[in-house]
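Colleague: File name work_19.cif; file contents mmCIF, C-alpha atoms; full text below.
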data_start
loop_
_atom_site.label_atom_id
_atom_site.label_comp_id
_atom_site.auth_asym_id
_atom_site.auth_seq_id
_atom_site.Cartn_x
_atom_site.Cartn_y
_atom_site.Cartn_z
CA MET A 1 20.54 -11.26 2.14
CA ARG A 2 19.33 -10.58 5.64
CA THR A 3 15.72 -9.56 6.05
CA ILE A 4 14.84 -5.91 6.56
CA LEU A 5 11.54 -5.44 8.37
CA SER A 6 10.76 -1.78 8.89
CA THR A 7 8.26 -0.44 11.37
CA GLU A 8 5.87 0.05 8.45
CA ASP A 9 6.21 -3.65 7.50
CA ILE A 10 5.44 -4.76 11.04
CA LYS A 11 2.51 -2.35 11.19
CA ASN A 12 1.10 -4.02 8.07
CA ILE A 13 1.45 -7.48 9.63
CA ILE A 14 -0.35 -6.42 12.83
CA GLU A 15 -2.98 -4.52 10.86
CA GLN A 16 -3.70 -7.65 8.85
CA GLU A 17 -4.34 -9.63 12.03
CA TYR A 18 -6.81 -7.01 13.29
CA ASN A 19 -8.49 -5.88 10.09
CA GLY A 20 -8.07 -8.74 7.64
CA THR A 21 -6.31 -8.56 4.30
CA LEU A 22 -4.87 -5.26 3.15
CA SER A 23 -6.71 -5.35 -0.16
CA GLN A 24 -8.96 -2.38 -0.96
CA ASN A 25 -11.69 -4.95 -1.69
CA TRP A 26 -11.47 -6.35 1.85
CA LYS A 27 -14.80 -7.47 3.28
CA PRO A 28 -15.23 -8.03 7.03
CA TYR A 29 -16.11 -11.73 6.75
CA GLU A 30 -12.72 -12.42 5.12
CA ASN A 31 -10.99 -11.68 8.42
CA PRO A 32 -10.52 -15.04 10.23
CA ASN A 33 -10.04 -13.34 13.61
CA SER A 34 -13.17 -11.22 13.55
CA GLU A 35 -16.76 -12.22 14.29
CA GLN A 36 -20.29 -10.89 13.97
CA ILE A 37 -21.66 -8.90 16.89
CA VAL A 38 -25.02 -7.26 17.64
CA LEU A 39 -25.14 -3.56 18.55
CA ILE A 40 -28.11 -2.34 20.60
CA ASP A 41 -29.09 1.32 20.45
CA GLU A 42 -29.38 2.57 24.03
CA TYR A 43 -32.22 4.94 23.12
CA ASP A 44 -34.67 2.92 21.02
CA GLY A 45 -33.28 -0.62 21.50
CA THR A 46 -32.68 -1.11 17.77
CA GLN A 47 -30.39 -4.05 17.08
CA THR A 48 -27.82 -3.95 14.29
CA GLU A 49 -25.55 -6.81 13.29
CA THR A 50 -22.04 -5.83 12.27
CA ASP A 51 -18.49 -7.13 12.13
CA LEU A 52 -16.34 -6.66 15.25
CA ALA A 53 -13.33 -5.38 13.30
CA THR A 54 -15.56 -2.93 11.44
CA TYR A 55 -17.11 -1.76 14.70
CA LEU A 56 -13.72 -1.09 16.29
CA ASN A 57 -12.63 0.68 13.08
CA ILE A 58 -8.95 0.85 14.03
CA LYS A 59 -6.56 2.77 11.80
CA PHE A 60 -2.96 1.65 12.23
CA TYR A 61 -0.08 4.02 11.60
CA THR A 62 3.60 4.38 12.45
CA PHE A 63 4.81 7.94 12.81
CA LYS A 64 2.01 10.34 11.87
CA GLU A 65 -1.74 10.33 11.36
CA ARG A 66 -4.00 13.32 10.80
CA VAL A 67 -7.72 13.25 11.54
CA ASP A 68 -8.52 15.43 8.53
CA ASP A 69 -7.04 12.82 6.19
CA GLU A 70 -10.54 11.31 6.13
CA ASP A 71 -11.82 13.99 3.77
CA THR A 72 -10.76 12.42 0.49
CA GLU A 73 -13.09 14.42 -1.77
CA PRO A 74 -13.07 18.10 -0.72
CA GLN A 75 -15.47 20.40 -2.51
CA SER A 76 -14.05 23.45 -4.28
CA ASN A 77 -16.40 25.88 -2.50
CA GLU A 78 -15.59 24.60 1.02
CA THR A 79 -13.43 26.60 3.38
CA THR A 80 -10.60 25.02 5.30
CA PHE A 81 -12.69 25.04 8.48
CA GLN A 82 -15.66 23.40 6.71
CA ARG A 83 -13.44 20.65 5.35
CA TRP A 84 -12.01 20.08 8.81
CA VAL A 85 -15.49 19.82 10.38
CA LYS A 86 -16.57 17.41 7.64
CA SER A 87 -13.47 15.32 8.21
CA LEU A 88 -14.09 15.33 11.95
CA ASN A 89 -17.60 13.94 11.45
CA TYR A 90 -16.19 11.13 9.33
CA SER A 91 -13.59 10.36 11.96
CA LEU A 92 -15.72 10.31 15.11
CA ASN A 93 -16.03 6.53 14.83
CA ASN A 94 -12.34 5.96 14.15
CA ALA A 95 -9.89 4.44 16.60
CA TYR A 96 -6.16 4.80 16.12
CA ALA A 97 -3.21 2.52 16.84
CA LEU A 98 0.40 3.66 16.83
CA VAL A 99 2.86 0.80 16.16
CA GLU A 100 6.38 1.35 17.51
CA VAL A 101 9.44 -0.92 17.47
CA VAL A 102 11.45 -0.30 20.63
CA ASP A 103 14.13 -3.00 20.44
CA GLU A 104 15.59 -5.72 18.24
CA GLU A 105 17.57 -8.86 19.03
CA ALA A 106 19.40 -10.29 16.02
CA THR A 107 21.54 -13.40 15.63
CA ALA A 108 25.16 -12.49 14.94
CA SER A 109 25.54 -14.59 11.80
CA GLN A 110 26.00 -13.93 8.11
CA ASP A 111 23.98 -16.93 6.91
CA ILE A 112 21.29 -17.36 9.59
CA ASP A 113 18.47 -14.88 9.07
CA ASN A 114 17.00 -14.73 12.55
CA ALA A 115 15.82 -11.81 14.66
CA THR A 116 13.24 -10.77 17.23
CA LYS A 117 11.45 -7.42 17.02
CA ILE A 118 10.00 -6.04 20.24
CA GLY A 119 7.54 -3.18 20.23
CA THR A 120 4.38 -1.53 21.52
CA ILE A 121 0.95 -0.78 20.10
CA SER A 122 -0.70 2.33 21.56
CA PHE A 123 -4.46 2.44 21.00
CA LEU A 124 -6.54 5.61 21.12
CA ILE A 125 -10.09 4.29 21.22
CA GLN A 126 -13.53 5.44 22.28
CA ALA A 127 -14.33 4.56 25.89
CA ASN A 128 -17.42 2.52 24.97
CA LYS A 129 -15.30 0.25 22.74
CA ILE A 130 -12.52 -0.59 25.17
CA LYS A 131 -14.07 -3.86 26.41
CA ASN A 132 -14.52 -5.02 22.82
CA LEU A 133 -10.89 -4.19 22.04
CA ASP A 134 -9.75 -6.10 25.14
CA TYR A 135 -11.72 -9.18 24.03
CA TYR A 136 -10.59 -8.89 20.40
CA THR A 137 -6.91 -8.55 21.33
CA ALA A 138 -7.15 -11.62 23.58
CA LYS A 139 -8.81 -13.57 20.77
CA ILE A 140 -6.08 -12.65 18.28
CA ARG A 141 -3.39 -13.46 20.84
CA ASN A 142 -4.86 -16.93 21.40
CA ALA A 143 -5.08 -17.53 17.65
CA LEU A 144 -1.40 -16.63 17.21
CA LEU A 145 0.07 -18.46 20.22
CA GLY A 146 2.24 -21.31 18.94
CA ASN A 147 0.88 -20.82 15.43
CA PRO A 148 3.71 -20.05 12.99
CA GLN A 149 3.03 -17.49 10.28
CA THR A 150 4.64 -17.31 6.86
CA ILE A 151 5.77 -13.85 5.79
CA GLN A 152 7.75 -12.66 2.79
CA ASN A 153 10.59 -10.18 2.96
CA SER A 154 11.53 -7.58 0.37
CA TYR A 155 13.86 -10.07 -1.39
CA GLY A 156 11.06 -12.58 -1.97
CA ASP A 157 12.30 -15.03 0.68
CA LEU A 158 9.73 -16.81 2.85
CA LEU A 159 10.19 -16.55 6.61
CA THR A 160 8.66 -18.53 9.44
CA ALA A 161 7.52 -16.08 12.10
CA TYR A 162 5.84 -16.09 15.49
CA LEU A 163 3.85 -13.03 16.52
CA THR A 164 3.00 -12.75 20.22
CA LEU A 165 0.71 -10.07 21.60
CA GLY A 166 0.63 -8.97 25.24
CA THR A 167 -2.32 -7.75 27.26
CA LEU A 168 -3.83 -4.28 27.27
CA ASN A 169 -2.40 -1.84 29.80
CA TYR A 170 -4.30 1.31 30.62
CA ALA A 171 -1.90 4.18 30.03
CA GLN A 172 -4.18 7.16 30.73
CA GLU A 173 -7.56 7.98 32.19
CA LEU A 174 -10.51 9.00 30.05
CA THR A 175 -9.86 12.15 28.07
CA MET A 176 -11.84 14.20 25.55
CA THR A 177 -10.24 14.19 22.09
CA GLN A 178 -11.17 15.13 18.54
CA VAL A 179 -12.83 11.74 18.13
CA GLY A 180 -14.84 11.81 21.35
CA GLU A 181 -14.26 10.54 24.88
CA CYS A 182 -11.33 8.17 24.52
CA VAL A 183 -8.91 6.11 26.53
CA ILE A 184 -5.29 5.30 25.66
CA VAL A 185 -4.17 1.72 26.19
CA THR A 186 -0.95 -0.02 25.21
CA CYS A 187 -0.13 -3.58 24.20
CA GLY A 188 3.34 -5.06 23.81
CA PHE A 189 4.23 -7.41 20.96
CA LYS A 190 7.14 -9.61 19.91
CA LEU A 191 7.80 -10.77 16.36
CA SER A 192 10.40 -13.54 15.97
CA TYR A 193 11.35 -14.90 12.56
CA LEU A 194 13.76 -17.42 11.07
CA SER A 195 14.31 -17.99 7.38
CA SER A 196 12.97 -21.32 6.00
CA ALA A 197 12.70 -22.97 9.41
CA LEU A 198 10.55 -25.96 10.38
CA THR A 199 8.50 -25.76 13.56
CA TYR A 200 6.53 -27.96 15.95
CA ALA A 201 3.57 -27.68 13.59
CA ASP A 202 5.55 -29.27 10.73
CA THR A 203 6.19 -32.55 12.57
CA GLN A 204 3.19 -34.71 13.45
CA VAL A 205 3.79 -37.23 16.23
CA GLU A 206 1.37 -40.14 16.72
CA ILE A 207 1.72 -42.92 19.28
CA SER A 208 0.13 -46.35 19.64
CA LEU A 209 0.16 -48.62 22.69
CA ASN A 210 -1.96 -51.16 20.81
CA GLY A 211 0.30 -52.23 17.95
CA ASP A 212 0.87 -50.88 14.45
CA ASP A 213 -1.86 -50.27 11.91
CA LEU A 214 -2.66 -52.99 9.37
CA TYR A 215 -3.32 -52.02 5.75
CA ASN A 216 -5.03 -53.87 2.91
CA ALA A 217 -4.06 -53.75 -0.76
CA GLU A 218 -6.05 -50.54 -1.24
CA GLY A 219 -4.17 -48.81 1.58
CA GLN A 220 -7.14 -48.86 3.98
CA ILE A 221 -6.63 -49.46 7.70
CA VAL A 222 -8.19 -52.81 8.62
CA ASP A 223 -8.40 -55.17 11.61
CA THR A 224 -7.07 -58.73 11.73
CA ASN A 225 -10.18 -59.90 9.83
CA GLY A 226 -9.58 -57.44 7.02
CA GLU A 227 -12.51 -55.21 8.02
CA PRO A 228 -12.03 -51.42 7.85
CA THR A 229 -11.31 -49.95 11.29
CA ALA A 230 -10.03 -46.82 12.97
CA THR A 231 -6.33 -46.16 13.36
CA LYS A 232 -4.63 -47.33 16.54
CA TYR A 233 -2.53 -44.17 16.70
CA LEU A 234 -3.42 -41.29 18.99
CA THR A 235 -1.97 -37.81 19.45
CA MET A 236 -1.36 -35.58 22.47
CA PRO A 237 0.24 -32.18 23.02
CA LEU A 238 3.98 -32.55 23.62
CA THR A 239 6.17 -30.14 25.52
CA LYS A 240 9.28 -31.54 23.89
CA LEU A 241 10.45 -34.47 21.78
CA SER A 242 14.14 -35.28 21.47
CA ALA A 243 15.27 -38.09 19.18
CA GLN A 244 18.66 -39.67 18.48
CA ASN A 245 20.05 -42.11 15.95
CA ILE A 246 23.03 -43.64 17.72
CA PHE A 247 25.59 -45.52 15.58
CA ALA A 248 27.77 -48.25 17.05
CA LEU A 249 31.25 -47.78 15.56
CA LYS A 250 34.20 -50.14 15.30
CA ALA A 251 37.75 -48.80 14.95
CA LEU A 252 39.81 -50.26 12.10
CA PRO A 253 43.16 -49.36 10.51
CA THR A 254 42.73 -47.89 7.03
CA VAL A 255 43.97 -49.88 4.03
CA VAL A 256 46.27 -47.34 2.41
CA ARG A 257 47.41 -45.79 5.69
CA PRO A 258 47.44 -48.48 8.40
CA ASP A 259 48.82 -45.90 10.80
CA LEU A 260 45.52 -44.00 10.59
CA THR A 261 42.40 -45.27 12.29
CA GLY A 262 38.99 -45.17 10.64
CA PHE A 263 35.59 -46.23 11.88
CA VAL A 264 32.93 -48.54 10.47
CA ALA A 265 29.33 -48.46 11.66
CA THR A 266 28.10 -51.91 12.68
CA SER A 267 24.62 -51.08 13.94
CA ILE A 268 22.23 -48.23 14.71
CA SER A 269 19.80 -47.66 17.55
CA PHE A 270 16.91 -45.21 17.89
CA VAL A 271 16.32 -43.36 21.16
CA THR A 272 13.64 -40.77 21.83
CA THR A 273 12.37 -38.94 24.89
CA LEU A 274 8.85 -37.50 25.14
CA THR A 275 7.99 -34.82 27.68
CA PHE A 276 4.39 -33.77 28.25
CA PHE A 277 1.90 -32.43 30.76
CA ASP A 278 -0.69 -34.83 32.20
CA PHE A 279 -3.58 -33.58 30.12
CA ASN A 280 -6.97 -35.20 30.44
CA LYS A 281 -6.56 -36.79 27.00
CA GLU A 282 -7.01 -40.42 25.94
CA LEU A 283 -3.35 -41.13 25.12
CA THR A 284 -2.04 -39.24 28.16
CA LEU A 285 -4.40 -41.17 30.43
CA GLN A 286 -3.20 -44.45 28.91
CA PHE A 287 0.41 -43.53 29.71
CA ASN A 288 -0.64 -42.36 33.17
CA ASP A 289 -2.36 -45.67 33.95
CA LEU A 290 0.61 -47.59 32.54
CA PHE A 291 3.05 -45.64 34.71
CA TRP A 292 1.25 -46.24 38.00
CA LYS A 293 0.22 -49.83 37.23
CA THR A 294 3.54 -51.21 35.99
CA SER A 295 5.30 -51.49 39.37
CA ALA A 296 2.24 -51.79 41.63
CA PHE A 297 1.73 -55.06 43.52
CA ARG A 298 -2.00 -54.43 43.85
CA TYR A 299 -4.19 -52.86 41.15
CA ASP A 300 -7.78 -51.86 41.99
CA GLY A 301 -7.60 -54.07 45.07
CA VAL A 302 -6.39 -57.14 43.15
CA LEU A 303 -2.89 -58.55 43.59
CA THR A 304 -0.85 -58.31 40.39
CA THR A 305 1.06 -61.24 38.88
CA VAL A 306 4.23 -61.65 36.85
CA GLN A 307 4.08 -59.40 33.80
CA ASN A 308 6.00 -58.89 30.57
CA VAL A 309 8.34 -55.96 31.12
CA ASN A 310 8.88 -55.46 27.38
CA ILE A 311 6.24 -52.83 26.74
CA PRO A 312 6.09 -51.95 23.03
CA VAL A 313 5.27 -48.44 21.89
CA TYR A 314 4.83 -47.55 18.22
CA ILE A 315 5.67 -44.04 17.08
CA ARG A 316 4.59 -42.63 13.72
CA ILE A 317 6.26 -39.42 12.56
CA THR A 318 4.92 -37.47 9.59
CA SER A 319 7.29 -34.84 8.22
CA ASN A 320 7.80 -33.22 4.83
CA GLY A 321 5.16 -35.46 3.25
CA HIS A 322 6.73 -38.73 4.46
CA SER A 323 5.60 -41.14 7.18
CA TYR A 324 8.03 -43.01 9.45
CA VAL A 325 7.08 -45.75 11.94
CA TYR A 326 9.37 -46.80 14.80
CA SER A 327 9.00 -49.93 16.90
CA THR A 328 10.24 -49.14 20.42
CA ILE A 329 10.00 -50.31 24.01
CA ILE A 330 9.93 -48.26 27.18
CA ASP A 331 13.37 -47.66 28.70
CA ASN A 332 12.20 -45.52 31.62
CA MET A 333 9.23 -43.44 32.73
CA GLN A 334 9.33 -40.41 35.02
CA LYS A 335 6.65 -38.26 36.56
CA ALA A 336 7.04 -35.02 38.53
CA VAL A 337 4.16 -34.14 40.86
CA THR A 338 4.70 -30.73 42.45
CA ASN A 339 2.46 -28.89 44.87
CA SER A 340 0.78 -25.86 43.21
CA ASP A 341 2.03 -26.90 39.76
CA PHE A 342 1.04 -29.13 36.84
CA ASN A 343 2.12 -32.77 36.60
CA ILE A 344 4.94 -33.38 34.10
CA SER A 345 5.69 -36.80 32.59
CA SER A 346 8.75 -37.97 30.69
CA ILE A 347 9.19 -41.25 28.82
CA THR A 348 12.35 -42.55 27.14
CA LEU A 349 11.91 -45.11 24.36
CA LYS A 350 14.50 -47.28 22.64
CA GLY A 351 14.32 -49.52 19.59
CA TRP A 352 12.60 -52.86 20.26
CA GLY A 353 14.68 -55.95 19.52
CA LYS A 354 11.59 -57.55 17.99
CA VAL A 355 11.60 -55.18 15.02
CA GLY A 356 8.21 -54.92 13.37
CA GLY A 357 6.68 -57.23 15.96
CA GLN A 358 3.00 -57.00 16.87
CA LEU A 359 1.43 -57.29 20.28
#
Rewrite the structure from the file as structure tokens, please.
Modeller:
Amino acid sequence: MRTILSTEDIKNIIEQEYNGTLSQNWKPYENPNSEQIVLIDEYDGTQTETDLATYLNIKFYTFKERVDDEDTEPQSNETTFQRWVKSLNYSLNNAYALVEVVDEEATASQDIDNATKIGTISFLIQANKIKNLDYYTAKIRNALLGNPQTIQNSYGDLLTAYLTLGTLNYAQELTMTQVGECVIVTCGFKLSYLSSALTYADTQVEISLNGDDLYNAEGQIVDTNGEPTATKYLTMPLTKLSAQNIFALKALPTVVRPDLTGFVATSISFVTTLTFFDFNKELTLQFNDLFWKTSAFRYDGVLTTVQNVNIPVYIRITSNGHSYVYSTIIDNMQKAVTNSDFNISSITLKGWGKVGGQL
């Protein structure tokens, strides 16, 4: 069954990111995106510590929200006007957020549950809170960028989703409303989901230019003397990793039908290409130094000599609870240095003929 995410469902997801869990017993400190702030009274200088989400006090809704809904316990002797005034007093600290879905892009498939919801959040918030909302939205956006979320649809299926928030756009100037002097700002969002899909976060890639780890009988990483030591593997942010298992095939006539040709695999080779930005990270700097030094005839003012061009690189992949180590050598290295842009490196590795060999 394909997932049905209504506007109300998406509102609940966004509300959870801003206000924490949707439980009635929610406490501010349970919200991982929020933080403690100090409010200073402009008249007497009194300082009060509170939670940022509680201070913003945003009520999310989809199609309709009434200010007088705040009066949950009306008294029998109150007039309609008195109840409205009481409700207004309760609501003067409230901010409101209208969640709208404006477009949807779905994959035309019966068995691939994939879609992207595009929408807008319109905030009505007190003018003195707008800077806090701008900061809080940016913080949530940074927490969600590249961080897959797991959501459940109405059929009980788990979906892998990415929620991306835009920046605040000022839609209207300051205006006086029922909840005080307010400003209306909008923020776009995009929710993409795919049923039971693995992501970048599910595949850990570690690389060693200093040989493979050694393990003792207890499974501890040790040096050549058997003393416990740190792992030789390092990590770095990757833009893209593409890997291939290439089989060498030999054509043979089949036994029962010699007029038909079949194939038999005689060997297999592993090829992978890593693409990454030149971050100021330990592993990236090692590759950077290796790239520039390999073909140089002088290094730090000293003439280079004949070198071994078989440069081993060990790759350790951890996926689905299993660890895989590949012994490779460098096939080629590329670097793109562009004016007014970031440096991009690309390295292609192939299986080393000295399988399992150490440096």
Colleague: CA of Phe342 in chain A to CA of Gly146 in chain A: how many Å, to one decimal?
Modeller: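 Spanning CA of Phe342 in chain A to CA of Gly146 in chain A is a straight-line distance of 19.6 Å.
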Colleague: Please, what distance in Å, to one decimal, runs between CA of Ala95 in chain A and CA of Leu145 in chain A?
Modeller: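 Separation of CA of Ala95 in chain A and CA of Leu145 in chain A: 25.2 Å.
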Colleague: I'd like a table as CSV: residues in range 202-258 of chain A with an atom no more than 12 Å from range 324-327 of chain A, each row giving the shortest atom pair and its distance in Å to one decimal, only C-alpha atoms counted, sorted by chain and rising residue number.
Modeller:
residue,atom,partner,partner_atom,distance
A:Thr203,CA,A:Tyr324,CA,11.1
A:Gln204,CA,A:Tyr324,CA,10.4
A:Val205,CA,A:Tyr324,CA,9.9
A:Glu206,CA,A:Val325,CA,9.3
A:Ile207,CA,A:Val325,CA,9.5
A:Ser208,CA,A:Ser327,CA,9.9
A:Leu209,CA,A:Ser327,CA,10.6
A:Asn210,CA,A:Ser327,CA,11.7
A:Gly211,CA,A:Ser327,CA,9.1
A:Asp212,CA,A:Val325,CA,8.4
A:Asp213,CA,A:Val325,CA,10.0
A:Tyr233,CA,A:Val325,CA,10.8
A:Ala243,CA,A:Tyr326,CA,11.4
A:Asn245,CA,A:Tyr326,CA,11.7
Colleague: Extract, using all atoms listed in the file, all DNA, RNA and protein residues at most 10 Å from range 157-166 of chain A, discarding same-chain residues fewer than 2 positions from it, and format them as a ChimeraX atom specification.
Modeller: /A:1-3,13-14,17,113-121,137-138,140-155,168-169,186-199
Colleague: What separation in Å, quoted to one decimal, exists between CA of Asp331 in chain A and CA of Leu283 in chain A?
Modeller: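 Atom-to-atom, CA of Asp331 in chain A and CA of Leu283 in chain A are spaced 18.3 Å apart.
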